[in-house]
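run_39.pdb follows (PDB, N, CA and C atoms):
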```
ATOM      1  N   MET A1398       2.896  37.542 -94.758
ATOM      2  CA  MET A1398       2.403  37.815 -96.083
ATOM      3  C   MET A1398       2.787  36.699 -97.062
ATOM      4  N   VAL A1399       4.013  36.195 -96.928
ATOM      5  CA  VAL A1399       4.447  35.114 -97.808
ATOM      6  C   VAL A1399       3.569  33.891 -97.599
ATOM      7  N   GLY A1400       3.226  33.575 -96.356
ATOM      8  CA  GLY A1400       2.348  32.441 -96.058
ATOM      9  C   GLY A1400       0.988  32.596 -96.706
ATOM     10  N   MET A1401       0.497  33.818 -96.753
ATOM     11  CA  MET A1401      -0.797  34.065 -97.382
ATOM     12  C   MET A1401      -0.736  33.781 -98.880
ATOM     13  N   ILE A1402       0.391  34.094 -99.492
ATOM     14  CA  ILE A1402       0.533  33.865-100.918
ATOM     15  C   ILE A1402       0.535  32.365-101.212
ATOM     16  N   PHE A1403       1.259  31.590-100.410
ATOM     17  CA  PHE A1403       1.335  30.147-100.631
ATOM     18  C   PHE A1403       0.016  29.449-100.364
ATOM     19  N   THR A1404      -0.738  29.905 -99.389
ATOM     20  CA  THR A1404      -2.000  29.240 -99.047
ATOM     21  C   THR A1404      -3.198  29.813 -99.785
ATOM     22  N   ALA A1405      -3.006  30.904-100.508
ATOM     23  CA  ALA A1405      -4.132  31.548-101.193
ATOM     24  C   ALA A1405      -4.760  30.642-102.246
ATOM     25  N   GLY A1406      -3.977  29.747-102.855
ATOM     26  CA  GLY A1406      -4.502  28.881-103.892
ATOM     27  C   GLY A1406      -5.298  27.703-103.358
ATOM     28  N   TYR A1407      -5.270  27.451-102.064
ATOM     29  CA  TYR A1407      -5.987  26.316-101.508
ATOM     30  C   TYR A1407      -6.896  26.769-100.380
ATOM     31  N   ILE A1408      -8.153  26.508-100.539
ATOM     32  CA  ILE A1408      -9.126  26.791 -99.486
ATOM     33  C   ILE A1408      -9.778  25.462 -99.145
ATOM     34  N   ALA A1409      -9.673  25.064 -97.880
ATOM     35  CA  ALA A1409     -10.244  23.787 -97.455
ATOM     36  C   ALA A1409     -11.756  23.813 -97.643
ATOM     37  N   PRO A1410     -12.317  22.696 -98.119
ATOM     38  CA  PRO A1410     -13.771  22.658 -98.279
ATOM     39  C   PRO A1410     -14.475  22.741 -96.925
ATOM     40  N   GLN A1411     -15.641  23.346 -96.932
ATOM     41  CA  GLN A1411     -16.438  23.481 -95.714
ATOM     42  C   GLN A1411     -16.935  22.102 -95.281
ATOM     43  N   LYS A1412     -16.706  21.748 -94.024
ATOM     44  CA  LYS A1412     -17.210  20.484 -93.489
ATOM     45  C   LYS A1412     -18.652  20.710 -93.045
ATOM     46  N   VAL A1413     -19.570  19.875 -93.545
ATOM     47  CA  VAL A1413     -20.989  20.058 -93.239
ATOM     48  C   VAL A1413     -21.636  18.746 -92.823
ATOM     49  N   ARG A1414     -22.729  18.888 -92.085
ATOM     50  CA  ARG A1414     -23.593  17.747 -91.788
ATOM     51  C   ARG A1414     -24.603  17.665 -92.921
ATOM     52  N   ILE A1415     -25.042  16.466 -93.215
ATOM     53  CA  ILE A1415     -25.971  16.275 -94.328
ATOM     54  C   ILE A1415     -27.237  17.102 -94.140
ATOM     55  N   GLU A1416     -27.750  17.166 -92.938
ATOM     56  CA  GLU A1416     -28.990  17.922 -92.705
ATOM     57  C   GLU A1416     -28.819  19.414 -92.978
ATOM     58  N   ASP A1417     -27.576  19.902 -92.998
ATOM     59  CA  ASP A1417     -27.330  21.321 -93.226
ATOM     60  C   ASP A1417     -27.140  21.681 -94.696
ATOM     61  N   LEU A1418     -27.086  20.683 -95.573
ATOM     62  CA  LEU A1418     -26.974  20.960 -97.000
ATOM     63  C   LEU A1418     -28.252  21.629 -97.498
ATOM     64  N   ASN A1419     -28.103  22.589 -98.415
ATOM     65  CA  ASN A1419     -29.275  23.271 -98.952
ATOM     66  C   ASN A1419     -29.006  23.728-100.386
ATOM     67  N   LEU A1420     -30.057  24.188-101.057
ATOM     68  CA  LEU A1420     -29.950  24.585-102.455
ATOM     69  C   LEU A1420     -28.954  25.708-102.680
ATOM     70  N   GLY A1421     -28.708  26.527-101.675
ATOM     71  CA  GLY A1421     -27.737  27.612-101.791
ATOM     72  C   GLY A1421     -26.305  27.119-101.891
ATOM     73  N   MET A1422     -26.090  25.826-101.638
ATOM     74  CA  MET A1422     -24.738  25.250-101.693
ATOM     75  C   MET A1422     -24.441  24.565-103.024
ATOM     76  N   ILE A1423     -25.373  24.584-103.964
ATOM     77  CA  ILE A1423     -25.153  23.921-105.250
ATOM     78  C   ILE A1423     -23.898  24.491-105.903
ATOM     79  N   ASP A1424     -23.071  23.604-106.419
ATOM     80  CA  ASP A1424     -21.782  23.893-107.065
ATOM     81  C   ASP A1424     -20.676  24.255-106.082
ATOM     82  N   LYS A1425     -20.954  24.254-104.786
ATOM     83  CA  LYS A1425     -19.912  24.524-103.791
ATOM     84  C   LYS A1425     -19.249  23.214-103.385
ATOM     85  N   GLU A1426     -17.966  23.299-103.077
ATOM     86  CA  GLU A1426     -17.223  22.135-102.626
ATOM     87  C   GLU A1426     -17.357  22.010-101.116
ATOM     88  N   VAL A1427     -17.777  20.825-100.666
ATOM     89  CA  VAL A1427     -17.949  20.573 -99.238
ATOM     90  C   VAL A1427     -17.335  19.227 -98.870
ATOM     91  N   SER A1428     -17.175  19.021 -97.578
ATOM     92  CA  SER A1428     -16.679  17.764 -97.025
ATOM     93  C   SER A1428     -17.760  17.189 -96.119
ATOM     94  N   VAL A1429     -18.036  15.896 -96.285
ATOM     95  CA  VAL A1429     -19.046  15.200 -95.488
ATOM     96  C   VAL A1429     -18.436  13.898 -94.982
ATOM     97  N   GLU A1430     -18.759  13.543 -93.741
ATOM     98  CA  GLU A1430     -18.268  12.297 -93.157
ATOM     99  C   GLU A1430     -19.448  11.459 -92.711
ATOM    100  N   GLY A1431     -19.390  10.158 -92.977
ATOM    101  CA  GLY A1431     -20.467   9.278 -92.558
ATOM    102  C   GLY A1431     -20.177   7.836 -92.910
ATOM    103  N   VAL A1432     -21.186   6.990 -92.730
ATOM    104  CA  VAL A1432     -21.074   5.555 -92.999
ATOM    105  C   VAL A1432     -21.791   5.245 -94.312
ATOM    106  N   VAL A1433     -21.101   4.528 -95.185
ATOM    107  CA  VAL A1433     -21.697   4.090 -96.452
ATOM    108  C   VAL A1433     -22.661   2.954 -96.141
ATOM    109  N   GLN A1434     -23.935   3.157 -96.444
ATOM    110  CA  GLN A1434     -24.932   2.132 -96.129
ATOM    111  C   GLN A1434     -25.269   1.247 -97.312
ATOM    112  N   VAL A1435     -25.138   1.786 -98.518
ATOM    113  CA  VAL A1435     -25.434   1.017 -99.724
ATOM    114  C   VAL A1435     -24.480   1.488-100.823
ATOM    115  N   VAL A1436     -23.982   0.538-101.625
ATOM    116  CA  VAL A1436     -23.185   0.851-102.810
ATOM    117  C   VAL A1436     -23.924   0.272-104.007
ATOM    118  N   LYS A1437     -24.215   1.117-105.008
ATOM    119  CA  LYS A1437     -24.908   0.663-106.214
ATOM    120  C   LYS A1437     -24.119   1.097-107.444
ATOM    121  N   ARG A1438     -24.334   0.358-108.543
ATOM    122  CA  ARG A1438     -23.753   0.725-109.829
ATOM    123  C   ARG A1438     -24.875   1.089-110.785
ATOM    124  N   SER A1439     -24.566   1.966-111.712
ATOM    125  CA  SER A1439     -25.540   2.298-112.745
ATOM    126  C   SER A1439     -25.771   1.079-113.638
ATOM    127  N   LYS A1440     -26.816   1.124-114.442
ATOM    128  CA  LYS A1440     -27.131  -0.011-115.322
ATOM    129  C   LYS A1440     -25.985  -0.328-116.271
ATOM    130  N   ASN A1441     -25.277   0.702-116.726
ATOM    131  CA  ASN A1441     -24.161   0.455-117.644
ATOM    132  C   ASN A1441     -22.860   0.158-116.892
ATOM    133  N   GLY A1442     -22.898   0.208-115.561
ATOM    134  CA  GLY A1442     -21.756  -0.149-114.739
ATOM    135  C   GLY A1442     -20.650   0.884-114.672
ATOM    136  N   GLU A1443     -20.891   2.065-115.217
ATOM    137  CA  GLU A1443     -19.841   3.069-115.284
ATOM    138  C   GLU A1443     -19.863   4.074-114.141
ATOM    139  N   THR A1444     -20.971   4.189-113.443
ATOM    140  CA  THR A1444     -21.105   5.158-112.361
ATOM    141  C   THR A1444     -21.512   4.426-111.090
ATOM    142  N   TYR A1445     -20.955   4.854-109.970
ATOM    143  CA  TYR A1445     -21.302   4.288-108.660
ATOM    144  C   TYR A1445     -22.078   5.308-107.847
ATOM    145  N   PHE A1446     -22.945   4.800-106.988
ATOM    146  CA  PHE A1446     -23.723   5.639-106.087
ATOM    147  C   PHE A1446     -23.567   5.093-104.669
ATOM    148  N   LEU A1447     -23.085   5.930-103.770
ATOM    149  CA  LEU A1447     -22.937   5.544-102.365
ATOM    150  C   LEU A1447     -24.030   6.232-101.565
ATOM    151  N   ASP A1448     -24.742   5.477-100.744
ATOM    152  CA  ASP A1448     -25.745   6.047 -99.849
ATOM    153  C   ASP A1448     -25.035   6.296 -98.521
ATOM    154  N   LEU A1449     -24.791   7.565 -98.210
ATOM    155  CA  LEU A1449     -24.023   7.947 -97.029
ATOM    156  C   LEU A1449     -24.947   8.465 -95.934
ATOM    157  N   ASN A1450     -24.723   8.012 -94.700
ATOM    158  CA  ASN A1450     -25.513   8.446 -93.550
ATOM    159  C   ASN A1450     -24.557   8.979 -92.497
ATOM    160  N   ASP A1451     -24.798  10.228 -92.057
ATOM    161  CA  ASP A1451     -23.936  10.821 -91.018
ATOM    162  C   ASP A1451     -24.647  10.969 -89.680
ATOM    163  N   GLY A1452     -25.828  10.371 -89.546
ATOM    164  CA  GLY A1452     -26.592  10.479 -88.311
ATOM    165  C   GLY A1452     -27.585  11.633 -88.350
ATOM    166  N   SER A1453     -27.355  12.596 -89.257
ATOM    167  CA  SER A1453     -28.291  13.719 -89.382
ATOM    168  C   SER A1453     -29.151  13.568 -90.635
ATOM    169  N   GLY A1454     -28.733  12.693 -91.534
ATOM    170  CA  GLY A1454     -29.469  12.497 -92.772
ATOM    171  C   GLY A1454     -28.713  11.577 -93.708
ATOM    172  N   ARG A1455     -29.307  11.390 -94.889
ATOM    173  CA  ARG A1455     -28.706  10.520 -95.913
ATOM    174  C   ARG A1455     -28.447  11.343 -97.164
ATOM    175  N   LEU A1456     -27.389  10.951 -97.885
ATOM    176  CA  LEU A1456     -26.982  11.682 -99.081
ATOM    177  C   LEU A1456     -26.383  10.703-100.077
ATOM    178  N   THR A1457     -26.682  10.897-101.353
ATOM    179  CA  THR A1457     -26.076  10.086-102.393
ATOM    180  C   THR A1457     -24.762  10.723-102.829
ATOM    181  N   ILE A1458     -23.712   9.907-102.842
ATOM    182  CA  ILE A1458     -22.410  10.320-103.348
ATOM    183  C   ILE A1458     -22.268   9.694-104.730
ATOM    184  N   VAL A1459     -22.008  10.502-105.740
ATOM    185  CA  VAL A1459     -21.903  10.027-107.115
ATOM    186  C   VAL A1459     -20.428   9.950-107.500
ATOM    187  N   ILE A1460     -20.033   8.779-108.022
ATOM    188  CA  ILE A1460     -18.658   8.572-108.480
ATOM    189  C   ILE A1460     -18.726   8.224-109.962
ATOM    190  N   PHE A1461     -18.336   9.177-110.808
ATOM    191  CA  PHE A1461     -18.377   8.950-112.252
ATOM    192  C   PHE A1461     -17.233   8.050-112.705
ATOM    193  N   GLN A1462     -17.342   7.529-113.927
ATOM    194  CA  GLN A1462     -16.434   6.512-114.436
ATOM    195  C   GLN A1462     -14.960   6.913-114.360
ATOM    196  N   SER A1463     -14.616   8.125-114.749
ATOM    197  CA  SER A1463     -13.203   8.517-114.746
ATOM    198  C   SER A1463     -12.624   8.435-113.338
ATOM    199  N   THR A1464     -13.406   8.837-112.353
ATOM    200  CA  THR A1464     -12.954   8.780-110.960
ATOM    201  C   THR A1464     -12.918   7.350-110.462
ATOM    202  N   SER A1465     -13.923   6.547-110.811
ATOM    203  CA  SER A1465     -13.943   5.159-110.334
ATOM    204  C   SER A1465     -12.785   4.357-110.929
ATOM    205  N   LEU A1466     -12.446   4.604-112.191
ATOM    206  CA  LEU A1466     -11.314   3.906-112.802
ATOM    207  C   LEU A1466     -10.010   4.273-112.100
ATOM    208  N   ASP A1467      -9.865   5.541-111.759
ATOM    209  CA  ASP A1467      -8.670   5.993-111.046
ATOM    210  C   ASP A1467      -8.612   5.365-109.646
ATOM    211  N   MET A1468      -9.763   5.251-108.984
ATOM    212  CA  MET A1468      -9.812   4.629-107.656
ATOM    213  C   MET A1468      -9.392   3.158-107.753
ATOM    214  N   GLU A1469      -9.896   2.468-108.774
ATOM    215  CA  GLU A1469      -9.546   1.061-108.950
ATOM    216  C   GLU A1469      -8.050   0.888-109.227
ATOM    217  N   LYS A1470      -7.452   1.818-109.993
ATOM    218  CA  LYS A1470      -6.008   1.781-110.249
ATOM    219  C   LYS A1470      -5.217   1.928-108.951
ATOM    220  N   ASN A1471      -5.807   2.647-107.979
ATOM    221  CA  ASN A1471      -5.164   2.852-106.684
ATOM    222  C   ASN A1471      -5.613   1.821-105.649
ATOM    223  N   ASN A1472      -6.145   0.696-106.136
ATOM    224  CA  ASN A1472      -6.564  -0.433-105.295
ATOM    225  C   ASN A1472      -7.663  -0.091-104.298
ATOM    226  N   ILE A1473      -8.562   0.808-104.680
ATOM    227  CA  ILE A1473      -9.728   1.097-103.842
ATOM    228  C   ILE A1473     -10.914   0.365-104.455
ATOM    229  N   ASN A1474     -11.434  -0.615-103.720
ATOM    230  CA  ASN A1474     -12.585  -1.399-104.156
ATOM    231  C   ASN A1474     -13.851  -0.653-103.743
ATOM    232  N   ILE A1475     -14.503  -0.025-104.704
ATOM    233  CA  ILE A1475     -15.685   0.791-104.389
ATOM    234  C   ILE A1475     -16.793  -0.052-103.778
ATOM    235  N   MET A1476     -17.018  -1.259-104.298
ATOM    236  CA  MET A1476     -18.065  -2.122-103.737
ATOM    237  C   MET A1476     -17.722  -2.506-102.290
ATOM    238  N   GLY A1477     -16.449  -2.513-101.942
ATOM    239  CA  GLY A1477     -16.010  -2.836-100.591
ATOM    240  C   GLY A1477     -16.179  -1.705 -99.594
ATOM    241  N   LEU A1478     -16.700  -0.559-100.041
ATOM    242  CA  LEU A1478     -16.915   0.576 -99.132
ATOM    243  C   LEU A1478     -18.185   0.414 -98.292
ATOM    244  N   ASN A1479     -19.008  -0.571 -98.619
ATOM    245  CA  ASN A1479     -20.248  -0.802 -97.872
ATOM    246  C   ASN A1479     -19.959  -0.978 -96.383
ATOM    247  N   GLN A1480     -20.658  -0.206 -95.554
ATOM    248  CA  GLN A1480     -20.552  -0.216 -94.090
ATOM    249  C   GLN A1480     -19.230   0.371 -93.573
ATOM    250  N   ARG A1481     -18.501   1.076 -94.406
ATOM    251  CA  ARG A1481     -17.263   1.729 -93.980
ATOM    252  C   ARG A1481     -17.536   3.198 -93.685
ATOM    253  N   ARG A1482     -16.801   3.738 -92.719
ATOM    254  CA  ARG A1482     -16.883   5.168 -92.393
ATOM    255  C   ARG A1482     -15.898   5.895 -93.304
ATOM    256  N   VAL A1483     -16.394   6.914 -94.010
ATOM    257  CA  VAL A1483     -15.567   7.637 -94.968
ATOM    258  C   VAL A1483     -15.743   9.146 -94.817
ATOM    259  N   ASN A1484     -14.778   9.858 -95.354
ATOM    260  CA  ASN A1484     -14.876  11.305 -95.515
ATOM    261  C   ASN A1484     -14.787  11.554 -97.011
ATOM    262  N   VAL A1485     -15.728  12.316 -97.542
ATOM    263  CA  VAL A1485     -15.736  12.613 -98.970
ATOM    264  C   VAL A1485     -15.757  14.115 -99.201
ATOM    265  N   VAL A1486     -15.088  14.524-100.263
ATOM    266  CA  VAL A1486     -15.080  15.919-100.690
ATOM    267  C   VAL A1486     -15.634  15.948-102.101
ATOM    268  N   GLY A1487     -16.590  16.834-102.319
ATOM    269  CA  GLY A1487     -17.178  16.936-103.651
ATOM    270  C   GLY A1487     -18.019  18.177-103.796
ATOM    271  N   ASN A1488     -18.618  18.296-104.967
ATOM    272  CA  ASN A1488     -19.474  19.446-105.256
ATOM    273  C   ASN A1488     -20.931  19.072-105.070
ATOM    274  N   VAL A1489     -21.657  19.953-104.421
ATOM    275  CA  VAL A1489     -23.087  19.750-104.190
ATOM    276  C   VAL A1489     -23.819  19.938-105.524
ATOM    277  N   ALA A1490     -24.730  19.021-105.816
ATOM    278  CA  ALA A1490     -25.534  19.091-107.035
ATOM    279  C   ALA A1490     -26.967  18.707-106.691
ATOM    280  N   GLU A1491     -27.870  18.998-107.620
ATOM    281  CA  GLU A1491     -29.269  18.613-107.449
ATOM    282  C   GLU A1491     -29.649  17.717-108.618
ATOM    283  N   TYR A1492     -30.300  16.600-108.313
ATOM    284  CA  TYR A1492     -30.768  15.683-109.347
ATOM    285  C   TYR A1492     -32.163  15.214-108.974
ATOM    286  N   ARG A1493     -33.105  15.498-109.831
ATOM    287  CA  ARG A1493     -34.501  15.116-109.614
ATOM    288  C   ARG A1493     -35.023  15.569-108.260
ATOM    289  N   GLY A1494     -34.692  16.789-107.892
ATOM    290  CA  GLY A1494     -35.206  17.392-106.668
ATOM    291  C   GLY A1494     -34.472  17.025-105.396
ATOM    292  N   ALA A1495     -33.438  16.181-105.491
ATOM    293  CA  ALA A1495     -32.687  15.781-104.295
ATOM    294  C   ALA A1495     -31.235  16.251-104.423
ATOM    295  N   LEU A1496     -30.665  16.641-103.306
ATOM    296  CA  LEU A1496     -29.266  17.035-103.300
ATOM    297  C   LEU A1496     -28.384  15.798-103.298
ATOM    298  N   GLU A1497     -27.243  15.894-103.952
ATOM    299  CA  GLU A1497     -26.261  14.826-103.964
ATOM    300  C   GLU A1497     -24.882  15.461-104.015
ATOM    301  N   LEU A1498     -23.873  14.641-103.828
ATOM    302  CA  LEU A1498     -22.501  15.129-103.832
ATOM    303  C   LEU A1498     -21.736  14.396-104.927
ATOM    304  N   ILE A1499     -21.126  15.155-105.835
ATOM    305  CA  ILE A1499     -20.324  14.579-106.906
ATOM    306  C   ILE A1499     -18.887  14.509-106.411
ATOM    307  N   LEU A1500     -18.350  13.290-106.289
ATOM    308  CA  LEU A1500     -16.993  13.117-105.788
ATOM    309  C   LEU A1500     -16.017  13.889-106.670
ATOM    310  N   LYS A1501     -15.159  14.678-106.049
ATOM    311  CA  LYS A1501     -14.241  15.552-106.773
ATOM    312  C   LYS A1501     -13.245  14.765-107.605
ATOM    313  N   ASP A1502     -12.548  13.826-106.993
ATOM    314  CA  ASP A1502     -11.572  12.984-107.676
ATOM    315  C   ASP A1502     -11.272  11.787-106.784
ATOM    316  N   SER A1503     -10.389  10.907-107.252
ATOM    317  CA  SER A1503     -10.134   9.671-106.507
ATOM    318  C   SER A1503      -9.484   9.909-105.151
ATOM    319  N   LYS A1504      -8.821  11.027-104.983
ATOM    320  CA  LYS A1504      -8.175  11.344-103.703
ATOM    321  C   LYS A1504      -9.128  12.027-102.720
ATOM    322  N   SER A1505     -10.364  12.246-103.165
ATOM    323  CA  SER A1505     -11.338  12.957-102.343
ATOM    324  C   SER A1505     -12.193  12.044-101.492
ATOM    325  N   LEU A1506     -11.861  10.768-101.446
ATOM    326  CA  LEU A1506     -12.556   9.822-100.570
ATOM    327  C   LEU A1506     -11.508   9.186 -99.669
ATOM    328  N   LYS A1507     -11.684   9.361 -98.375
ATOM    329  CA  LYS A1507     -10.772   8.782 -97.381
ATOM    330  C   LYS A1507     -11.542   7.789 -96.540
ATOM    331  N   ILE A1508     -11.012   6.573 -96.414
ATOM    332  CA  ILE A1508     -11.622   5.557 -95.551
ATOM    333  C   ILE A1508     -11.134   5.801 -94.140
ATOM    334  N   LEU A1509     -12.076   6.010 -93.220
ATOM    335  CA  LEU A1509     -11.733   6.314 -91.824
ATOM    336  C   LEU A1509     -11.802   5.091 -90.929
ATOM    337  N   ALA A1510     -12.724   4.178 -91.210
ATOM    338  CA  ALA A1510     -12.860   2.959 -90.393
ATOM    339  C   ALA A1510     -13.590   1.898 -91.168
TER     340      ALA A1510
END
```
Translate the structure of the given file into structure tokens.
Amino acid sequence: MVGMIFTAGYIAPQKVRIEDLNLGMIDKEVSVEGVVQVVKRSKNGETYFLDLNDGSGRLTIVIFQSTSLDMEKNNINIMGLNQRRVNVVGNVAEYRGALELILKDSKSLKILA
């Protein structure tokens, strides 16, 4: 029972394949693993977009300015993520009819290879 109390505040995000993402998952926290194929910056340079491919599909990972600044403080070069295998945790969102993942925070991106 004590273990349940300590772990009750943390629920691991559901690990999903990109092809399994759907509109019913909007605002849910999920974990996705894949290879970053393209890294882009917004016109104002404050937001990054990673094109992630896990073999089942492609998904845009959005990194807003507050998170990108924190990543840079921790010596993570976002532009250097191109062609790297990563695991990301974030919230599913919809933008212009397409699903995307909003990176939760700077600790929610792990470089695997």
Decode the PyMOL selection byres ((chain A and resi 1450-1456) around 7) for the given file into explicit residues and return them as a ChimeraX atom specification.
/A:1414-1417,1430-1434,1447-1449,1457-1458,1496-1498
Residue list (strand (DSSP E or B), DSSP) for chain A, as number ranges by chain:
A: 1411-1412, 1426-1438, 1445-1450, 1455-1460, 1482-1492, 1495-1500, 1506-1508
Test item: the PyMOL selection byres (((chain A and resi 1444 and name CA) around 12) and name CA) resolved as a PyMOL selection string
chain A and resi 1436-1443+1445-1447+1458-1466+1475-1476+1499-1500
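Going from atom C of Val1483 (chain A) over to atom N of Asn1419 (chain A), you cover 18.6 Å.
Using only N, CA and C atoms, the residues found no farther than 8 Å from Leu1420 (chain A), other than those of its own chain fewer than 4 positions away, are Asp1424, Ala1490, Glu1491 and Leu1496 of chain A.
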Mind checking DSSP for region 1425-1505 of chain A and telling me the helix (DSSP H, G or I) residues as a VMD selection string?
chain A and resid 1462 to 1470 1475 to 1478 1503 to 1505
Within 6 Å of file point (-18.4, 19.6, -107.6), counting all atoms listed in the file, expressed as a PDB file with N, CA and C atoms, in the frame of the given file:
```pdb
ATOM      1  N   ASP A1424     -23.071  23.604-106.419  1.00  0.00           N
ATOM      2  CA  ASP A1424     -21.782  23.893-107.065  1.00  0.00           C
ATOM      3  C   ASP A1424     -20.676  24.255-106.082  1.00  0.00           C
ATOM      4  N   LYS A1425     -20.954  24.254-104.786  1.00  0.00           N
ATOM      5  CA  LYS A1425     -19.912  24.524-103.791  1.00  0.00           C
ATOM      6  C   LYS A1425     -19.249  23.214-103.385  1.00  0.00           C
ATOM      7  N   GLU A1426     -17.966  23.299-103.077  1.00  0.00           N
ATOM      8  CA  GLU A1426     -17.223  22.135-102.626  1.00  0.00           C
ATOM      9  C   GLU A1426     -17.357  22.010-101.116  1.00  0.00           C
ATOM     10  N   GLY A1487     -16.590  16.834-102.319  1.00  0.00           N
ATOM     11  CA  GLY A1487     -17.178  16.936-103.651  1.00  0.00           C
ATOM     12  C   GLY A1487     -18.019  18.177-103.796  1.00  0.00           C
ATOM     13  N   ASN A1488     -18.618  18.296-104.967  1.00  0.00           N
ATOM     14  CA  ASN A1488     -19.474  19.446-105.256  1.00  0.00           C
ATOM     15  C   ASN A1488     -20.931  19.072-105.070  1.00  0.00           C
ATOM     16  N   VAL A1489     -21.657  19.953-104.421  1.00  0.00           N
ATOM     17  CA  VAL A1489     -23.087  19.750-104.190  1.00  0.00           C
ATOM     18  C   VAL A1489     -23.819  19.938-105.524  1.00  0.00           C
ATOM     19  N   ILE A1499     -21.126  15.155-105.835  1.00  0.00           N
ATOM     20  CA  ILE A1499     -20.324  14.579-106.906  1.00  0.00           C
ATOM     21  C   ILE A1499     -18.887  14.509-106.411  1.00  0.00           C
ATOM     22  N   LYS A1501     -15.159  14.678-106.049  1.00  0.00           N
ATOM     23  CA  LYS A1501     -14.241  15.552-106.773  1.00  0.00           C
ATOM     24  C   LYS A1501     -13.245  14.765-107.605  1.00  0.00           C
TER      25      LYS A1501
END
```
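You will find CA of Glu1469 (chain A) at 16.5 Å from CA of Val1485 (chain A).
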Kindly compute an axis-aligned box around the listed atoms of region 1497-1504 of chain A, allowing 8 Å on each side, and express its centre and edge lengths in Å to one decimal as JSON.
```
{"center_x": -17.7, "center_y": 12.8, "center_z": -105.2, "size_x": 35.1, "size_y": 22.2, "size_z": 21.0}
```
Between atom N of Leu1506 (chain A) and atom C of Gln1411 (chain A), what is the distance in Å, rounded to a tenth?
13.9 Å
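Comparing the minimum interatomic distances between Ser1503 (chain A) and each of A:Met1468, A:Val1486, A:Ala1409, A:Asn1474, counting all atoms listed in the file, we find that A:Met1468 sits nearest.
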Determine the residue set returned by the PyMOL selection byres ((chain A and resi 1508) around 6) for the present structure, and present it as a ChimeraX atom specification.
/A:1482-1484,1506-1507,1509-1510
Completion step: region 1462-1466 of chain A with all heavy atoms as an mmCIF file, in the coordinates of the input:
```cif
data_model
loop_
_atom_site.group_PDB
_atom_site.id
_atom_site.type_symbol
_atom_site.label_atom_id
_atom_site.label_comp_id
_atom_site.auth_asym_id
_atom_site.auth_seq_id
_atom_site.Cartn_x
_atom_site.Cartn_y
_atom_site.Cartn_z
ATOM 1 N N GLN A 1462 -17.342 7.529 -113.927
ATOM 2 C CA GLN A 1462 -16.434 6.512 -114.436
ATOM 3 C C GLN A 1462 -14.960 6.913 -114.360
ATOM 4 O O GLN A 1462 -14.130 6.120 -113.933
ATOM 5 C CB GLN A 1462 -16.788 6.162 -115.878
ATOM 6 C CG GLN A 1462 -15.890 5.071 -116.443
ATOM 7 C CD GLN A 1462 -16.209 4.737 -117.879
ATOM 8 O OE1 GLN A 1462 -16.787 5.535 -118.600
ATOM 9 N NE2 GLN A 1462 -15.830 3.557 -118.293
ATOM 10 N N SER A 1463 -14.616 8.125 -114.749
ATOM 11 C CA SER A 1463 -13.203 8.517 -114.746
ATOM 12 C C SER A 1463 -12.624 8.435 -113.338
ATOM 13 O O SER A 1463 -11.497 7.974 -113.143
ATOM 14 C CB SER A 1463 -13.030 9.924 -115.310
ATOM 15 O OG SER A 1463 -13.772 10.857 -114.551
ATOM 16 N N THR A 1464 -13.406 8.837 -112.353
ATOM 17 C CA THR A 1464 -12.954 8.780 -110.960
ATOM 18 C C THR A 1464 -12.918 7.350 -110.462
ATOM 19 O O THR A 1464 -11.967 6.942 -109.787
ATOM 20 C CB THR A 1464 -13.871 9.642 -110.067
ATOM 21 O OG1 THR A 1464 -13.869 10.993 -110.568
ATOM 22 C CG2 THR A 1464 -13.404 9.640 -108.634
ATOM 23 N N SER A 1465 -13.923 6.547 -110.811
ATOM 24 C CA SER A 1465 -13.943 5.159 -110.334
ATOM 25 C C SER A 1465 -12.785 4.357 -110.929
ATOM 26 O O SER A 1465 -12.180 3.534 -110.238
ATOM 27 C CB SER A 1465 -15.280 4.490 -110.625
ATOM 28 O OG SER A 1465 -15.479 4.292 -112.001
ATOM 29 N N LEU A 1466 -12.446 4.604 -112.191
ATOM 30 C CA LEU A 1466 -11.314 3.906 -112.802
ATOM 31 C C LEU A 1466 -10.010 4.273 -112.100
ATOM 32 O O LEU A 1466 -9.166 3.411 -111.847
ATOM 33 C CB LEU A 1466 -11.222 4.244 -114.294
ATOM 34 C CG LEU A 1466 -12.313 3.655 -115.180
ATOM 35 C CD1 LEU A 1466 -12.194 4.179 -116.607
ATOM 36 C CD2 LEU A 1466 -12.288 2.137 -115.164
#
```
